[in-house]
Amino acid sequence: MSAPKVIIAGCGVAGPALGVVLKLQGYDPVIYERTDGPSELGLSLCLQPNGLRVLSLIPGLVDLIPRKRLRQLAFYSMLPGHERELARSNAPAVLHALSGGFGMEGVRRPLFLQALIDAAQAHGIPILFGHQLVAVDGHEGTDAERVVVRFANGHTDEASFVVGCDGLHSNTRACLFGKEAAMFTGLTQTGGISPIPEAFSALGPSMVNIYGDGVHMIAYQINDEQISWAITQREAEERETWRDMDVDRQRAFKESAFSQIPFGGGELVKTASRVIKFGLYDRPELKSWHKGRVVLIGDAAHPTSPVRLFFSALFASADDPPQTHQHLGQGANQAFEDIYHLARLLKKYNPGAQAPSAALLDTVFTELEQLRIPRTSALVTKARAAGNTRVVSGANMCLARDEVVRETWRGKEDLLGDDHAELVKTLYVDIFSEPFEAGKSEI
Ligand SMILES: Cc1cc2nc3c(=O)[nH]c(=O)nc-3n(C[C@H](O)[C@H](O)[C@H](O)COP(=O)(O)OP(=O)(O)OC[C@H]3O[C@@H](n4cnc5c(N)ncnc54)[C@H](O)[C@@H]3O)c2cc1C
């Protein structure tokens, strides 16, 4: 009997990884992607232990991902008259040591995506570029044995089930639950890739945060020579295209006041090889991620991209201190958690990877939602709550925020040693042993 076919919509970060995991279980996945080839757009992602643990289930993959392990956190204030280092901590290095060799790892998104695509192709998974999903038919009837998918170029295909991994602007989601506009959060981000500035060299591979009045800069290493950075501020709406700014805008930005950010931040702005700017968007939370034989995962289900969560988290108020948000750079990592649980539940209810009945899929998808919606919405809720006060403006608010950062990290400069293991586990409690404890994968 032939393996059940699965259509995966979207060859972003989640699509190819899901493809390999399903193929290893005995399914026959095919990936359809809207763009004409692997995307060169975007900057970087920060992989964390929960995401890396899932990727490690794909034999040989993690070693092929060009990445930089981050060892240190550093926090600075650029508030005029109060410019200073706020805190440092080697928590990421300790996290790596404690969590089975998975820490915080900076990756350049296009290179990471290519590694995932290479892995999918090495497993014989077809990836059809230039295919934009526009309609899904027959997903509503519980008796239907197949689901039919139509693409903008006129192509159609059918499969046993469909997984929508088509990101923030998911058509799969619109087909299931209707169209709704993405909501602009009021925050924009301007970012780039730059050589490592002299000021960073003493830190080693780090994630650096520089806080200002109504503005925040984050920067982390993605290889031995380069830093990916981004500046978040409250501004008018800007589209989310992940494309470079035009040359004149790039020049103006590089000569703007941002080029004067202290602690190496300004140097990053001036020396960027490319600068992109985009708005941060959100979507209303879904109560269900599936209908019939179609399910959503990743940003299509819960658009919680690393930048959206990470940055709203960093603008936390004194009532909602930032240590509770250590783990919030989670978009891609949450997508990998989705993949793990979807594969685990398929294995639980369909161990022989037979052609699944609609009832079986309903059981799998419902259990997936029951597990995942509370977790992903808790992360979003935390970030949104923090987001209410996220761009801290005015000297008093900024000084209070700086104090919270200092207090949060006081006495945590050096966390190496057994005495601190429990503290580090607490700091990273939400990702430390998710989605499974080291060595205890159920797939
Ligand atoms: C081009 C691009 C660049 C990005 N750069 C960054 C970055 O620098 N930093 C960051 O933090 N996050 C970035 N993100 C977002 C980040 O990849 C996701 O938030 C996260 O990894 C979750 O992954 P995902 O697979 O669910 O979604 P995504 O990685 O967004 O992938 C979705 C994929 O689906 C495709 N797609 C969309 N609609 C259709 C359709 N109708 N039919 C078929 N395919 C479709 C898209 O082209 C895309 O390849 C970027 C996303 C994209 C699309």
# chains A, B, ... in the order shown; residues from 1 in each chain; ligands from 1
call {"tool": "residues_around", "arguments": {"residues": "Thr185 of chain A", "least_positions_apart": "4", "cutoff": "7 Å", "atoms": "only C-alpha atoms", "output": "PyMOL selection string"}}
result
chain A and resi 280-282
call {"tool": "residues_near_ligand", "arguments": {"ligand": "ligand 1", "cutoff": "7 Å", "atoms": "only C-alpha atoms and all ligand atoms", "output": "PyMOL selection string"}}
result
chain A and resi 9-15+32-35+39-45+109+131-134+165-172+242+297-300+303-307+331-332+335
call {"tool": "residues_around", "arguments": {"residues": "segment 103-105 of chain A", "least_positions_apart": "5", "cutoff": "6 Å", "atoms": "only C-alpha atoms", "output": "PDB file with C-alpha atoms, in the first residue's frame"}}
result
ATOM      1  CA  CYS A  46      17.915  32.801  17.179  1.00  0.00           C
ATOM      2  CA  LEU A  47      17.537  29.060  17.615  1.00  0.00           C
ATOM      3  CA  GLN A  48      16.972  27.943  21.185  1.00  0.00           C
ATOM      4  CA  PRO A  49      17.131  24.575  22.987  1.00  0.00           C
ATOM      5  CA  LYS A  68      27.044  30.777  16.080  1.00  0.00           C
ATOM      6  CA  ARG A  69      26.600  29.692  19.654  1.00  0.00           C
ATOM      7  CA  LEU A  70      26.019  32.709  21.902  1.00  0.00           C
ATOM      8  CA  LEU A  95      22.161  26.960  29.343  1.00  0.00           C
ATOM      9  CA  HIS A  96      24.072  25.199  26.582  1.00  0.00           C
TER      10      HIS A  96
END
call {"tool": "residues_around", "arguments": {"residues": "segment 212-228 of chain A", "least_positions_apart": "2", "cutoff": "9 Å", "atoms": "only C-alpha atoms", "output": "PyMOL selection string"}}
result
chain A and resi 43-46+66-70+76-80+105-108+191-197+205-210+230-234+265+268+311+314-315+390-395+397-398
call {"tool": "select_by_dssp", "arguments": {"residues": "segment 399-435 of chain A", "states": "helix (DSSP H, G or I)", "output": "NGL selection string"}}
result
:A and (399-409 or 418-427 or 429-432)
call {"tool": "closest_residue", "arguments": {"among": "A:Ala252, A:Met183, A:Ala152, A:Ala355", "to": "Gly279 of chain A", "atoms": "only C-alpha atoms"}}
result
A:Met183
call {"tool": "atom_distance", "arguments": {"atom1": "atom CA of Leu176 of chain A", "atom2": "atom CA of Val163 of chain A"}}
result
11.7 Å
call {"tool": "residues_around", "arguments": {"residues": "segment 115-118 of chain A", "least_positions_apart": "2", "cutoff": "8 Å", "atoms": "only C-alpha atoms", "output": "PyMOL selection string"}}
result
chain A and resi 11+13+16-17+61+64-65+111-113+120-122
call {"tool": "write_last_selection", "arguments": {"atoms": "N, CA and C atoms", "output": "PDB file, in the first residue's frame"}}
result
ATOM      1  N   CYS A  11       7.264  26.732   2.029  1.00  0.00           N
ATOM      2  CA  CYS A  11       8.623  26.238   2.261  1.00  0.00           C
ATOM      3  C   CYS A  11       9.406  27.333   2.970  1.00  0.00           C
ATOM      4  N   VAL A  13      10.457  28.217   7.188  1.00  0.00           N
ATOM      5  CA  VAL A  13      11.284  27.517   8.154  1.00  0.00           C
ATOM      6  C   VAL A  13      10.637  26.190   8.593  1.00  0.00           C
ATOM      7  N   PRO A  16       9.944  22.571   5.312  1.00  0.00           N
ATOM      8  CA  PRO A  16      10.873  21.474   5.007  1.00  0.00           C
ATOM      9  C   PRO A  16      11.187  20.598   6.215  1.00  0.00           C
ATOM     10  N   ALA A  17      11.256  21.196   7.409  1.00  0.00           N
ATOM     11  CA  ALA A  17      11.541  20.382   8.608  1.00  0.00           C
ATOM     12  C   ALA A  17      10.393  19.406   8.845  1.00  0.00           C
ATOM     13  N   LEU A  61      21.274  16.941  10.460  1.00  0.00           N
ATOM     14  CA  LEU A  61      20.876  18.302  10.060  1.00  0.00           C
ATOM     15  C   LEU A  61      21.586  19.400  10.855  1.00  0.00           C
ATOM     16  N   LEU A  64      24.834  20.687   9.821  1.00  0.00           N
ATOM     17  CA  LEU A  64      24.919  21.365   8.521  1.00  0.00           C
ATOM     18  C   LEU A  64      24.405  22.808   8.571  1.00  0.00           C
ATOM     19  N   ILE A  65      23.898  23.232   9.722  1.00  0.00           N
ATOM     20  CA  ILE A  65      23.355  24.595   9.830  1.00  0.00           C
ATOM     21  C   ILE A  65      24.480  25.550  10.234  1.00  0.00           C
ATOM     22  N   LEU A 111      20.551  31.089   5.003  1.00  0.00           N
ATOM     23  CA  LEU A 111      21.436  29.911   5.062  1.00  0.00           C
ATOM     24  C   LEU A 111      20.762  28.771   5.825  1.00  0.00           C
ATOM     25  N   PHE A 112      20.060  29.142   6.866  1.00  0.00           N
ATOM     26  CA  PHE A 112      19.317  28.149   7.653  1.00  0.00           C
ATOM     27  C   PHE A 112      18.248  27.501   6.769  1.00  0.00           C
ATOM     28  N   LEU A 113      17.526  28.353   6.035  1.00  0.00           N
ATOM     29  CA  LEU A 113      16.472  27.839   5.150  1.00  0.00           C
ATOM     30  C   LEU A 113      17.068  26.885   4.113  1.00  0.00           C
ATOM     31  N   ALA A 120      15.474  18.328   3.146  1.00  0.00           N
ATOM     32  CA  ALA A 120      14.223  17.807   2.575  1.00  0.00           C
ATOM     33  C   ALA A 120      14.509  17.133   1.232  1.00  0.00           C
ATOM     34  N   GLN A 121      15.315  17.793   0.415  1.00  0.00           N
ATOM     35  CA  GLN A 121      15.593  17.207  -0.898  1.00  0.00           C
ATOM     36  C   GLN A 121      16.415  15.925  -0.780  1.00  0.00           C
ATOM     37  N   ALA A 122      17.323  15.899   0.195  1.00  0.00           N
ATOM     38  CA  ALA A 122      18.115  14.676   0.405  1.00  0.00           C
ATOM     39  C   ALA A 122      17.214  13.502   0.810  1.00  0.00           C
TER      40      ALA A 122
END
call {"tool": "residues_around", "arguments": {"residues": "Leu24 of chain A", "least_positions_apart": "4", "cutoff": "9 Å", "atoms": "only C-alpha atoms", "output": "tab-separated table (two decimals) with N, CA and C atoms, in the first residue's frame"}}
result
chain	number	residue	atom	x	y	z
A	19	GLY	N	8.39	18.27	6.59
A	19	GLY	CA	8.46	17.28	5.52
A	19	GLY	C	9.35	16.11	5.89
A	20	VAL	N	10.55	16.42	6.40
A	20	VAL	CA	11.49	15.33	6.72
A	20	VAL	C	10.95	14.48	7.86
A	58	ILE	N	16.36	15.11	13.15
A	58	ILE	CA	16.63	14.88	11.72
A	58	ILE	C	18.13	14.56	11.61
A	123	HIS	N	16.07	13.81	1.39
A	123	HIS	CA	15.12	12.75	1.76
A	123	HIS	C	14.12	12.49	0.64
call {"tool": "closest_residue", "arguments": {"among": "A:Leu368, A:Ile443, A:Ile431, A:Ala74", "to": "Gly51 of chain A", "atoms": "only C-alpha atoms"}}
result
A:Ile431
call {"tool": "residues_around", "arguments": {"residues": "Asp402 of chain A", "least_positions_apart": "3", "cutoff": "8 Å", "atoms": "only C-alpha atoms", "output": "list in words"}}
result
Ser77, Leu86, Tyr211, Cys398, Leu399, Val405 and Arg406 of chain A
call {"tool": "closest_residue", "arguments": {"among": "A:Met1, A:Leu203, A:Ala343, A:Ala159", "to": "Val21 of chain A", "atoms": "only C-alpha atoms"}}
result
A:Ala343
call {"tool": "closest_residue", "arguments": {"among": "A:Gly164, A:Gly130, A:Pro92, A:Gly411", "to": "His302 of chain A", "atoms": "only C-alpha atoms"}}
result
A:Gly164
call {"tool": "closest_residue", "arguments": {"among": "A:Ile7, A:Ala257, A:Val94, A:Ala353", "to": "Ile127 of chain A", "atoms": "only C-alpha atoms"}}
result
A:Ile7
call {"tool": "closest_residue", "arguments": {"among": "A:Leu73, A:His341, A:Glu403, A:Gln189", "to": "Leu18 of chain A", "atoms": "only C-alpha atoms"}}
result
A:His341
